[in-house]
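The file work21.json comes next; it holds JSON, C-alpha atoms and all ligand atoms.
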[["chain", "number", "residue", "atom", "x", "y", "z"],
["A", 1, "MET", "CA", 0.00, 0.00, 0.00],
["A", 2, "ALA", "CA", 1.32, 3.43, -0.93],
["A", 3, "ILE", "CA", -0.03, 6.79, 0.12],
["A", 4, "PRO", "CA", -0.40, 8.96, -3.00],
["A", 5, "PHE", "CA", -0.63, 12.21, -1.03],
["A", 6, "ARG", "CA", 1.97, 14.63, 0.28],
["A", 7, "HIS", "CA", 0.85, 16.83, 3.14],
["A", 8, "ALA", "CA", -1.41, 15.86, 6.04],
["A", 9, "LEU", "CA", -2.99, 17.94, 8.76],
["A", 10, "VAL", "CA", -3.53, 16.02, 12.00],
["A", 11, "THR", "CA", -5.47, 18.00, 14.60],
["A", 12, "GLY", "CA", -4.85, 17.10, 18.20],
["A", 13, "GLY", "CA", -1.53, 15.62, 17.08],
["A", 14, "GLY", "CA", 0.28, 16.29, 20.35],
["A", 15, "SER", "CA", -1.10, 13.27, 22.17],
["A", 16, "GLY", "CA", -2.87, 9.93, 22.08],
["A", 17, "VAL", "CA", -4.51, 8.94, 18.82],
["A", 18, "GLY", "CA", -3.37, 12.10, 16.98],
["A", 19, "ARG", "CA", 0.29, 11.48, 17.80],
["A", 20, "ALA", "CA", 0.04, 7.84, 16.67],
["A", 21, "VAL", "CA", -1.62, 8.91, 13.39],
["A", 22, "ALA", "CA", 1.00, 11.61, 12.76],
["A", 23, "LEU", "CA", 3.86, 9.15, 13.31],
["A", 24, "ALA", "CA", 2.21, 6.51, 11.12],
["A", 25, "LEU", "CA", 1.72, 8.94, 8.22],
["A", 26, "ALA", "CA", 5.23, 10.35, 8.60],
["A", 27, "GLY", "CA", 6.53, 6.78, 8.52],
["A", 28, "GLU", "CA", 4.97, 6.41, 5.06],
["A", 29, "GLY", "CA", 6.77, 9.49, 3.76],
["A", 30, "VAL", "CA", 3.94, 12.00, 4.18],
["A", 31, "ALA", "CA", 4.76, 15.53, 5.41],
["A", 32, "VAL", "CA", 2.62, 16.04, 8.50],
["A", 33, "THR", "CA", 1.55, 19.21, 10.27],
["A", 34, "VAL", "CA", 0.21, 18.62, 13.76],
["A", 35, "CYS", "CA", -1.88, 21.19, 15.59],
["A", 36, "GLY", "CA", -3.42, 21.64, 19.01],
["A", 37, "ARG", "CA", -3.76, 24.46, 21.49],
["A", 38, "ARG", "CA", -0.58, 23.68, 23.46],
["A", 39, "ILE", "CA", 2.71, 23.85, 21.57],
["A", 40, "GLU", "CA", 4.75, 21.69, 24.02],
["A", 41, "PRO", "CA", 3.09, 18.31, 23.28],
["A", 42, "LEU", "CA", 3.10, 19.13, 19.57],
["A", 43, "MET", "CA", 6.87, 19.74, 19.75],
["A", 44, "GLU", "CA", 7.27, 16.36, 21.45],
["A", 45, "THR", "CA", 5.47, 14.69, 18.52],
["A", 46, "ALA", "CA", 7.53, 16.66, 16.01],
["A", 47, "ALA", "CA", 10.76, 15.65, 17.79],
["A", 48, "GLN", "CA", 10.01, 12.04, 16.83],
["A", 49, "SER", "CA", 10.16, 12.62, 13.06],
["A", 50, "PRO", "CA", 11.74, 15.26, 10.81],
["A", 51, "SER", "CA", 8.63, 15.00, 8.59],
["A", 52, "ILE", "CA", 6.38, 16.39, 11.33],
["A", 53, "HIS", "CA", 5.94, 20.13, 11.89],
["A", 54, "ALA", "CA", 4.11, 21.57, 14.90],
["A", 55, "LEU", "CA", 1.83, 24.60, 14.82],
["A", 56, "ALA", "CA", -0.44, 25.73, 17.64],
["A", 57, "ALA", "CA", -4.08, 26.30, 16.66],
["A", 58, "ASP", "CA", -7.51, 26.08, 18.24],
["A", 59, "VAL", "CA", -9.90, 24.15, 15.98],
["A", 60, "THR", "CA", -12.92, 25.93, 17.47],
["A", 61, "ASP", "CA", -11.59, 29.29, 16.27],
["A", 62, "GLU", "CA", -12.06, 29.96, 12.55],
["A", 63, "ALA", "CA", -9.32, 32.63, 12.46],
["A", 64, "SER", "CA", -6.88, 30.35, 14.26],
["A", 65, "VAL", "CA", -7.50, 27.56, 11.73],
["A", 66, "ALA", "CA", -7.12, 30.05, 8.85],
["A", 67, "ALA", "CA", -3.75, 31.20, 10.23],
["A", 68, "LEU", "CA", -2.64, 27.57, 10.58],
["A", 69, "TYR", "CA", -3.55, 26.81, 6.98],
["A", 70, "GLU", "CA", -1.78, 29.93, 5.72],
["A", 71, "GLU", "CA", 1.49, 29.10, 7.46],
["A", 72, "ALA", "CA", 1.46, 25.34, 6.82],
["A", 73, "VAL", "CA", 0.43, 25.59, 3.15],
["A", 74, "ALA", "CA", 3.03, 28.30, 2.47],
["A", 75, "ALA", "CA", 5.71, 26.09, 4.01],
["A", 76, "ARG", "CA", 4.86, 22.69, 2.52],
["A", 77, "GLY", "CA", 2.01, 22.98, 0.03],
["A", 78, "PRO", "CA", -1.73, 22.33, 0.26],
["A", 79, "PHE", "CA", -3.16, 19.71, 2.57],
["A", 80, "ASP", "CA", -4.33, 16.68, 0.60],
["A", 81, "ILE", "CA", -5.03, 14.70, 3.81],
["A", 82, "VAL", "CA", -6.96, 16.06, 6.78],
["A", 83, "ILE", "CA", -7.32, 13.96, 9.91],
["A", 84, "ALA", "CA", -9.83, 15.76, 12.14],
["A", 85, "ASN", "CA", -8.94, 14.15, 15.45],
["A", 86, "ALA", "CA", -9.03, 16.91, 18.10],
["A", 87, "GLY", "CA", -11.66, 16.19, 20.69],
["A", 88, "MET", "CA", -12.65, 16.27, 24.31],
["A", 89, "ALA", "CA", -15.06, 14.29, 26.47],
["A", 90, "GLN", "CA", -16.36, 15.35, 29.84],
["A", 91, "SER", "CA", -19.03, 13.29, 31.49],
["A", 92, "ALA", "CA", -22.10, 14.51, 33.34],
["A", 93, "PRO", "CA", -25.63, 13.22, 33.80],
["A", 94, "ALA", "CA", -27.81, 14.71, 31.05],
["A", 95, "ALA", "CA", -29.91, 16.69, 33.54],
["A", 96, "LYS", "CA", -26.75, 18.23, 34.99],
["A", 97, "THR", "CA", -25.09, 19.01, 31.67],
["A", 98, "THR", "CA", -24.61, 22.76, 31.65],
["A", 99, "LEU", "CA", -25.08, 24.81, 28.51],
["A", 100, "ASP", "CA", -21.38, 25.65, 28.75],
["A", 101, "LEU", "CA", -20.33, 21.96, 28.70],
["A", 102, "TRP", "CA", -22.84, 21.22, 25.90],
["A", 103, "GLN", "CA", -21.53, 24.05, 23.72],
["A", 104, "LYS", "CA", -17.87, 23.38, 24.48],
["A", 105, "THR", "CA", -18.24, 19.70, 23.56],
["A", 106, "LEU", "CA", -20.01, 20.46, 20.29],
["A", 107, "ALA", "CA", -17.53, 23.23, 19.49],
["A", 108, "VAL", "CA", -14.44, 21.02, 19.75],
["A", 109, "ASN", "CA", -15.73, 17.67, 18.50],
["A", 110, "LEU", "CA", -18.18, 18.74, 15.79],
["A", 111, "THR", "CA", -17.68, 22.36, 14.73],
["A", 112, "GLY", "CA", -13.92, 21.93, 15.15],
["A", 113, "ALA", "CA", -13.95, 18.92, 12.83],
["A", 114, "PHE", "CA", -15.86, 20.91, 10.20],
["A", 115, "LEU", "CA", -13.60, 23.97, 10.51],
["A", 116, "SER", "CA", -10.47, 21.80, 10.30],
["A", 117, "ALA", "CA", -11.50, 20.19, 7.03],
["A", 118, "ARG", "CA", -13.36, 23.02, 5.27],
["A", 119, "PRO", "CA", -10.36, 25.05, 4.00],
["A", 120, "ALA", "CA", -8.91, 21.95, 2.29],
["A", 121, "MET", "CA", -12.08, 20.97, 0.45],
["A", 122, "ASP", "CA", -11.75, 23.18, -2.62],
["A", 123, "THR", "CA", -8.05, 22.53, -3.07],
["A", 124, "MET", "CA", -8.59, 18.77, -2.81],
["A", 125, "ARG", "CA", -11.46, 18.98, -5.29],
["A", 126, "LYS", "CA", -9.37, 21.00, -7.77],
["A", 127, "ALA", "CA", -6.42, 18.62, -7.36],
["A", 128, "GLY", "CA", -8.72, 15.70, -8.13],
["A", 129, "GLY", "CA", -8.05, 13.78, -4.94],
["A", 130, "GLY", "CA", -7.62, 13.81, -1.21],
["A", 131, "ARG", "CA", -8.56, 12.14, 2.03],
["A", 132, "ILE", "CA", -10.64, 13.45, 4.91],
["A", 133, "VAL", "CA", -10.80, 11.20, 7.96],
["A", 134, "PHE", "CA", -12.76, 12.13, 11.06],
["A", 135, "ILE", "CA", -11.83, 10.45, 14.32],
["A", 136, "ALA", "CA", -15.35, 9.99, 15.65],
["A", 137, "SER", "CA", -16.11, 7.25, 18.21],
["A", 138, "THR", "CA", -18.39, 4.34, 18.88],
["A", 139, "ALA", "CA", -20.25, 7.19, 20.63],
["A", 140, "GLY", "CA", -21.05, 8.35, 17.09],
["A", 141, "LEU", "CA", -22.86, 5.05, 16.45],
["A", 142, "LYS", "CA", -24.59, 4.20, 19.74],
["A", 143, "GLY", "CA", -25.61, 5.87, 22.98],
["A", 144, "TYR", "CA", -23.73, 5.79, 26.28],
["A", 145, "PRO", "CA", -24.97, 7.14, 29.61],
["A", 146, "TYR", "CA", -23.55, 10.33, 31.18],
["A", 147, "VAL", "CA", -22.00, 11.72, 27.98],
["A", 148, "ALA", "CA", -25.00, 13.18, 26.15],
["A", 149, "SER", "CA", -23.08, 16.12, 24.69],
["A", 150, "TYR", "CA", -20.24, 13.89, 23.49],
["A", 151, "VAL", "CA", -22.58, 11.28, 21.98],
["A", 152, "THR", "CA", -24.50, 14.07, 20.23],
["A", 153, "ALA", "CA", -21.33, 15.66, 18.89],
["A", 154, "LYS", "CA", -19.90, 12.38, 17.59],
["A", 155, "HIS", "CA", -23.21, 11.41, 15.94],
["A", 156, "GLY", "CA", -22.97, 14.83, 14.29],
["A", 157, "VAL", "CA", -19.47, 14.03, 13.06],
["A", 158, "VAL", "CA", -20.72, 10.82, 11.44],
["A", 159, "GLY", "CA", -23.52, 12.81, 9.78],
["A", 160, "LEU", "CA", -21.04, 15.42, 8.55],
["A", 161, "MET", "CA", -18.85, 12.66, 7.14],
["A", 162, "ARG", "CA", -21.80, 11.12, 5.25],
["A", 163, "ALA", "CA", -22.84, 14.49, 3.82],
["A", 164, "LEU", "CA", -19.31, 15.27, 2.63],
["A", 165, "ALA", "CA", -18.83, 11.78, 1.17],
["A", 166, "ALA", "CA", -21.98, 12.29, -0.91],
["A", 167, "GLU", "CA", -20.93, 15.77, -1.98],
["A", 168, "PHE", "CA", -17.39, 14.76, -2.97],
["A", 169, "ALA", "CA", -18.13, 11.35, -4.45],
["A", 170, "ARG", "CA", -17.17, 12.39, -8.00],
["A", 171, "THR", "CA", -14.06, 14.33, -7.06],
["A", 172, "GLY", "CA", -11.51, 11.70, -6.04],
["A", 173, "VAL", "CA", -11.79, 12.91, -2.45],
["A", 174, "THR", "CA", -12.86, 10.24, 0.04],
["A", 175, "VAL", "CA", -14.41, 11.08, 3.39],
["A", 176, "ASN", "CA", -14.65, 8.54, 6.20],
["A", 177, "ALA", "CA", -14.87, 8.29, 9.97],
["A", 178, "VAL", "CA", -12.92, 5.97, 12.24],
["A", 179, "CYS", "CA", -14.95, 5.09, 15.33],
["A", 180, "PRO", "CA", -12.85, 3.70, 18.17],
["A", 181, "GLY", "CA", -14.10, 2.19, 21.39],
["A", 182, "PHE", "CA", -12.12, 3.06, 24.53],
["A", 183, "VAL", "CA", -8.53, 3.81, 23.51],
["A", 184, "GLU", "CA", -5.67, 3.82, 26.00],
["A", 185, "THR", "CA", -4.87, 7.58, 26.01],
["A", 186, "GLY", "CA", -5.07, 10.55, 28.37],
["A", 187, "MET", "CA", -8.78, 10.84, 27.57],
["A", 188, "LEU", "CA", -9.34, 7.34, 28.96],
["A", 189, "ASP", "CA", -7.36, 8.23, 32.10],
["A", 190, "GLU", "CA", -9.72, 11.18, 32.63],
["A", 191, "SER", "CA", -12.78, 8.92, 32.29],
["A", 192, "VAL", "CA", -11.31, 6.49, 34.82],
["A", 193, "ALA", "CA", -10.53, 9.33, 37.25],
["A", 194, "ASN", "CA", -14.08, 10.62, 36.87],
["A", 195, "ILE", "CA", -15.59, 7.19, 37.64],
["A", 196, "VAL", "CA", -13.34, 6.86, 40.70],
["A", 197, "ALA", "CA", -14.35, 10.35, 41.92],
["A", 198, "THR", "CA", -18.09, 9.94, 41.36],
["A", 199, "THR", "CA", -18.64, 6.30, 42.32],
["A", 200, "GLY", "CA", -15.95, 5.50, 44.88],
["A", 201, "ARG", "CA", -14.84, 2.51, 42.80],
["A", 202, "SER", "CA", -11.13, 1.73, 42.69],
["A", 203, "GLU", "CA", -9.09, 2.63, 39.61],
["A", 204, "ALA", "CA", -8.75, -1.06, 38.72],
["A", 205, "GLU", "CA", -12.53, -1.53, 38.97],
["A", 206, "ALA", "CA", -13.18, 1.54, 36.83],
["A", 207, "ARG", "CA", -10.72, 0.39, 34.18],
["A", 208, "ALA", "CA", -12.22, -3.12, 34.18],
["A", 209, "ALA", "CA", -15.74, -1.68, 33.72],
["A", 210, "LEU", "CA", -14.64, 0.36, 30.71],
["A", 211, "ALA", "CA", -12.61, -2.51, 29.18],
["A", 212, "ALA", "CA", -15.69, -4.75, 29.53],
["A", 213, "THR", "CA", -17.57, -2.55, 27.00],
["A", 214, "ASN", "CA", -15.24, -4.04, 24.37],
["A", 215, "PRO", "CA", -16.25, -7.64, 23.51],
["A", 216, "GLN", "CA", -12.54, -8.45, 23.36],
["A", 217, "GLY", "CA", -12.30, -7.25, 26.97],
["A", 218, "ARG", "CA", -9.44, -4.84, 26.36],
["A", 219, "PHE", "CA", -8.61, -1.28, 25.41],
["A", 220, "ILE", "CA", -7.78, -0.28, 21.86],
["A", 221, "GLN", "CA", -4.24, 1.00, 21.34],
["A", 222, "PRO", "CA", -3.70, 4.33, 19.53],
["A", 223, "GLN", "CA", -1.57, 2.54, 16.92],
["A", 224, "GLU", "CA", -4.56, 0.35, 16.00],
["A", 225, "VAL", "CA", -6.61, 3.46, 15.23],
["A", 226, "ALA", "CA", -3.67, 4.87, 13.27],
["A", 227, "ALA", "CA", -3.48, 1.67, 11.19],
["A", 228, "ALA", "CA", -7.12, 2.12, 10.10],
["A", 229, "VAL", "CA", -6.42, 5.75, 9.20],
["A", 230, "LEU", "CA", -3.34, 4.77, 7.22],
["A", 231, "TRP", "CA", -5.34, 2.25, 5.21],
["A", 232, "LEU", "CA", -8.02, 4.86, 4.44],
["A", 233, "CYS", "CA", -5.30, 7.23, 3.19],
["A", 234, "GLY", "CA", -3.76, 4.60, 0.91],
["A", 235, "ASP", "CA", -4.03, 4.25, -2.85],
["A", 236, "MET", "CA", -6.10, 1.07, -2.58],
["A", 237, "ALA", "CA", -8.82, 2.72, -0.44],
["A", 238, "GLY", "CA", -10.12, 5.01, -3.19],
["A", 239, "SER", "CA", -13.51, 3.30, -3.27],
["A", 240, "ILE", "CA", -13.97, 3.44, 0.51],
["A", 241, "THR", "CA", -16.00, 6.56, 1.24],
["A", 242, "GLY", "CA", -18.92, 7.47, 3.47],
["A", 243, "GLN", "CA", -17.96, 4.76, 5.95],
["A", 244, "ALA", "CA", -17.97, 4.84, 9.74],
["A", 245, "ILE", "CA", -15.41, 2.18, 10.58],
["A", 246, "SER", "CA", -15.67, 0.74, 14.06],
["A", 247, "VAL", "CA", -12.32, -0.02, 15.72],
["A", 248, "SER", "CA", -13.77, -1.44, 18.88],
["A", 249, "GLY", "CA", -13.24, -5.20, 19.17],
["A", 250, "GLY", "CA", -16.74, -5.72, 17.81],
["A", 251, "GLU", "CA", -18.63, -3.39, 20.17],
["A", 252, "THR", "CA", -20.55, -1.88, 17.25],
["A", 253, "TRP", "CA", -21.04, -2.78, 13.60],
["A", 301, "LIG", "P1", -6.29, 13.16, 23.97],
["A", 301, "LIG", "O1", -4.94, 12.60, 24.16],
["A", 301, "LIG", "O2", -6.92, 13.92, 25.09],
["A", 301, "LIG", "O3", -6.25, 14.05, 22.65],
["A", 301, "LIG", "C1", -7.10, 15.11, 22.38],
["A", 301, "LIG", "C2", -6.30, 16.11, 21.57],
["A", 301, "LIG", "O4", -7.18, 17.13, 21.07],
["A", 301, "LIG", "C3", -5.22, 16.79, 22.40],
["A", 301, "LIG", "O5", -3.99, 16.67, 21.72],
["A", 301, "LIG", "C4", -5.68, 18.23, 22.49],
["A", 301, "LIG", "O6", -4.58, 19.12, 22.49],
["A", 301, "LIG", "C5", -6.53, 18.37, 21.23],
["A", 301, "LIG", "N1", -7.53, 19.42, 21.35],
["A", 301, "LIG", "C6", -8.52, 19.51, 22.28],
["A", 301, "LIG", "N2", -9.22, 20.64, 22.10],
["A", 301, "LIG", "C7", -8.65, 21.26, 21.02],
["A", 301, "LIG", "C8", -8.92, 22.47, 20.35],
["A", 301, "LIG", "N3", -9.92, 23.29, 20.73],
["A", 301, "LIG", "N4", -8.16, 22.82, 19.29],
["A", 301, "LIG", "C9", -7.13, 22.01, 18.90],
["A", 301, "LIG", "N5", -6.84, 20.85, 19.49],
["A", 301, "LIG", "C10", -7.59, 20.49, 20.55],
["A", 301, "LIG", "O7", -7.33, 12.02, 23.63],
["A", 301, "LIG", "P2", -7.41, 10.96, 22.44],
["A", 301, "LIG", "O8", -8.00, 9.75, 23.03],
["A", 301, "LIG", "O9", -6.12, 10.85, 21.70],
["A", 301, "LIG", "O10", -8.53, 11.63, 21.52],
["A", 301, "LIG", "C11", -8.37, 11.82, 20.12],
["A", 301, "LIG", "C12", -9.71, 11.64, 19.44],
["A", 301, "LIG", "O11", -10.14, 10.29, 19.60],
["A", 301, "LIG", "C13", -10.83, 12.51, 20.00],
["A", 301, "LIG", "O12", -11.62, 13.05, 18.97],
["A", 301, "LIG", "C14", -11.64, 11.54, 20.82],
["A", 301, "LIG", "O13", -12.99, 11.95, 20.97],
["A", 301, "LIG", "C15", -11.49, 10.28, 20.01],
["A", 301, "LIG", "N6", -11.78, 9.06, 20.73],
["A", 301, "LIG", "C16", -11.07, 8.74, 21.87],
["A", 301, "LIG", "C17", -11.40, 7.57, 22.56],
["A", 301, "LIG", "C18", -10.68, 7.17, 23.82],
["A", 301, "LIG", "O14", -11.16, 6.25, 24.52],
["A", 301, "LIG", "N7", -9.53, 7.73, 24.14],
["A", 301, "LIG", "C19", -12.43, 6.75, 22.10],
["A", 301, "LIG", "C20", -13.11, 7.10, 20.94],
["A", 301, "LIG", "C21", -12.78, 8.26, 20.27],
["A", 301, "LIG", "P3", -4.62, 20.53, 23.28],
["A", 301, "LIG", "O15", -5.22, 20.23, 24.62],
["A", 301, "LIG", "O16", -3.20, 20.96, 23.33],
["A", 301, "LIG", "O17", -5.45, 21.44, 22.46]]
Using structure tokens, write down the structure that the file contains.
Amino acid sequence: MAIPFRHALVTGGGSGVGRAVALALAGEGVAVTVCGRRIEPLMETAAQSPSIHALAADVTDEASVAALYEEAVAARGPFDIVIANAGMAQSAPAAKTTLDLWQKTLAVNLTGAFLSARPAMDTMRKAGGGRIVFIASTAGLKGYPYVASYVTAKHGVVGLMRALAAEFARTGVTVNAVCPGFVETGMLDESVANIVATTGRSEAEARAALAATNPQGRFIQPQEVAAAVLWLCGDMAGSITGQAISVSGGETW
């Protein structure tokens, strides 16, 4: 499998899934620009490969994304791969979900995904090819308790992906979503800490409860998510579009 594209944007590339995706793409010879709000973790990702450049940007801020595109495109050419991965998840019972949490969750996970990909759409279309991959979640395919805003946002991401796949079907641009179950990253650690704080369960019990949601009884590794992304970006995945691919040990299908 070869990747017939040159420059990828990976949002949230300073940690977890985003870092694994950036390293996987760089390993295939793709120039990668990673973004996030904090420059330090991005620099740590960039230190692992000369193909990776780090630029701070907030995906919820249109002007910040525009500035990122301007600098990255001037330096290394247009993005022909966009991996919209930046996200956040904070749990709360639905009745206690504040408007602030609701809006923040939609802003990062849904609006941020749209804003991250939008500036690349016309250039990909004119170039006759490209790849847009949204890192959604199994929460984009089924409901979970205590994360109403996150589940709503990720269902929105899957809807956005389907709309774009239909719109770009004749252009050579494919649009897909990768939907992981619980992945062993900082986000998972936060979920575990929240369960411990709100239920009094031990950390081991909380981790076991989350791992049990996966029929394989384990957490997904970031590199497994990256492998699915890599395949979607490859030359042999040109007919795969409009798909929400579950990377979850069979939790959803
Ligand atoms: P993570 O390590 O917490 O990564 C989230 C990344 O998003 C961070 O690098 C963060 O960097 C960035 N980010 C957050 N808000 C941002 C903003 N406004 N602008 C730019 N970047 C922003 O967690 P992860 O598990 O790798 O999550 C990556 C993606 O996978 C997310 O979309 C998440 O919903 C999805 N996912 C995770 C799991 C899981 O169990 N871990 C399961 C399914 C799906 P800064 O803080 O520096 O901005």
Query raised in the report: What's the 10 Å shell around Tyr150 (chain A), counting all atoms listed in the file, without same-chain residues fewer than 5 positions away, as JSON, numbers by chain?
Result: {"A": [87, 88, 89, 90, 91, 101, 102, 104, 105, 106, 108, 109, 110, 137, 139, 140, 143, 144, 155, 156]}
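The neighbours of region 40-43 of chain A here are the residues that come within 9 Å of it, using only C-alpha atoms and leaving out any residue fewer than 2 positions away in the same chain; they are Gly12, Gly13, Gly14, Ser15, Arg19, Val34, Cys35, Gly36, Arg37, Arg38, Thr45, Ala46, Ala47, Gln48, His53, Ala54, Leu55 and Ala56 of chain A.
With all atoms listed in the file as the basis for measurement, A:Gly16 is the residue among A:Pro50, A:Pro78, A:Gly16, A:Gly128 that approaches ligand LIG 301 (chain A) most closely.
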Query raised in the report: List as a list in words: which residues have an atom within 7 Å of (-8.1, 15.3, 3.8), counting all atoms listed in the file?
Result: Phe79, Asp80, Ile81, Val82, Ile83, Ala117, Ala120, Gly130, Arg131, Ile132 and Val133 of chain A
**Report entry** Atomic separation - atom O9 of ligand LIG 301 (chain A) relative to CA of Gly186 (chain A), Å
**Finding:**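 The value is 6.8 Å.
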Query raised in the report: If we count all atoms listed in the file, what is near Ala94 (chain A) at a cut-off of 9 Å, once residues fewer than 5 positions away on the same chain are taken out, given as a list in words?
Result: Pro145, Tyr146, Val147, Ala148 and Ser149 of chain A
Hey, can I get the axis-aligned box for ligand LIG 301 (chain A)? All listed atoms, 5 Å padding on each side, centre and edge lengths in Å to one decimal, as AutoDock Vina command-line options.
--center_x -8.2 --center_y 14.8 --center_z 22.0 --size_x 19.9 --size_y 27.0 --size_z 16.2
**Report entry** Contacts of Asn85 (chain A) within 8 Å, only C-alpha atoms, excl. fewer than 3 positions in-chain, as a ChimeraX atom specification
**Finding:** /A:10-13,17-18,113,134-136
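In this comparison, which uses only C-alpha atoms, the residue of A:Thr185, A:Ser116, A:Gln103, A:Asn176 approaching Leu9 (chain A) most closely is A:Ser116.
Separating CA of Ala237 (chain A) from CA of Ala2 (chain A) is a distance of 10.2 Å.
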Requested in this report: To one decimal in Å, tell me the separation between CA of Glu184 (chain A) and atom C17 of ligand LIG 301 (chain A).
Outcome: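 Distance between the two atoms: 7.7 Å.
Restricting the calculation to only C-alpha atoms, the smallest distance between Met187 (chain A) and any of A:Ala86, A:Tyr69, A:Thr138, A:Gly234 is found for A:Ala86.
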Query raised in the report: Looking at only C-alpha atoms and all ligand atoms, which of A:Ala169, A:Leu160, A:Ala177, A:Ile3 is the one that sits closest to ligand LIG 301 (chain A)?
Result: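 Going through A:Ala169, A:Leu160, A:Ala177, A:Ile3 one by one, the smallest distance to ligand LIG 301 (chain A) is for A:Ala177.
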**Report entry** Pick from A:Ala75, A:Met161, A:Met124, A:Val151 nearest to ligand LIG 301 (chain A), counting only C-alpha atoms and all ligand atoms
**Finding:**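 Ranked by minimum distance to ligand LIG 301 (chain A), first place goes to A:Val151.
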Query - Best match for closeness to ligand LIG 301 (chain A) among A:Lys142, A:Arg118, A:Arg170, A:Lys96, counting all atoms listed in the file - result: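 Ranking A:Lys142, A:Arg118, A:Arg170, A:Lys96 by distance to ligand LIG 301 (chain A), first place goes to A:Lys142.
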Report task. With a distance cut-off of 10 Å and all atoms listed in the file, select the neighbouring residues of Arg218 (chain A), excluding the residue or stretch itself and same-chain residues fewer than 5 positions from it, and output the selection as a PyMOL selection string. Result -> chain A and resi 181-184+207-208+210-213+248-249
Report task. Name the residues, using the chain letters and numbers of the file, that sit within 9 Å of (-17.7, 7.1, 4.5) when counting all atoms listed in the file, and give them as a PyMOL selection string. Result -> chain A and resi 133+158+161-162+164-166+174-177+240-245
Starting from the incomplete input, reconstruct N, CA and C atoms of region 4-17 of chain A and write that as a short mmCIF file (atom, residue, chain, number, x, y, z; two decimals), in the frame of the given file.
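Once everything was written out, this is out.cif:
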data_model
loop_
_atom_site.label_atom_id
_atom_site.label_comp_id
_atom_site.auth_asym_id
_atom_site.auth_seq_id
_atom_site.Cartn_x
_atom_site.Cartn_y
_atom_site.Cartn_z
N PRO A 4 -0.67 8.08 -1.86
CA PRO A 4 -0.40 8.96 -3.00
C PRO A 4 -0.65 10.44 -2.68
N PHE A 5 -0.39 10.82 -1.44
CA PHE A 5 -0.63 12.21 -1.03
C PHE A 5 0.61 12.72 -0.31
N ARG A 6 0.69 14.07 -0.18
CA ARG A 6 1.97 14.63 0.28
C ARG A 6 1.95 15.32 1.62
N HIS A 7 0.83 15.98 1.93
CA HIS A 7 0.85 16.83 3.14
C HIS A 7 -0.43 16.62 3.95
N ALA A 8 -0.26 16.16 5.18
CA ALA A 8 -1.41 15.86 6.04
C ALA A 8 -1.50 16.83 7.21
N LEU A 9 -2.71 17.22 7.52
CA LEU A 9 -2.99 17.94 8.76
C LEU A 9 -3.56 16.93 9.75
N VAL A 10 -2.98 16.87 10.93
CA VAL A 10 -3.53 16.02 12.00
C VAL A 10 -3.84 16.94 13.18
N THR A 11 -5.13 17.15 13.45
CA THR A 11 -5.47 18.00 14.60
C THR A 11 -5.40 17.17 15.87
N GLY A 12 -5.03 17.84 16.94
CA GLY A 12 -4.85 17.10 18.20
C GLY A 12 -3.68 16.14 18.11
N GLY A 13 -2.66 16.52 17.35
CA GLY A 13 -1.53 15.62 17.08
C GLY A 13 -0.48 15.58 18.17
N GLY A 14 -0.72 16.28 19.28
CA GLY A 14 0.28 16.29 20.35
C GLY A 14 0.13 15.15 21.34
N SER A 15 -0.90 14.34 21.18
CA SER A 15 -1.10 13.27 22.17
C SER A 15 -1.91 12.13 21.58
N GLY A 16 -1.95 11.03 22.33
CA GLY A 16 -2.87 9.93 22.08
C GLY A 16 -2.98 9.49 20.63
N VAL A 17 -4.22 9.42 20.17
CA VAL A 17 -4.51 8.94 18.82
C VAL A 17 -3.84 9.84 17.78
#
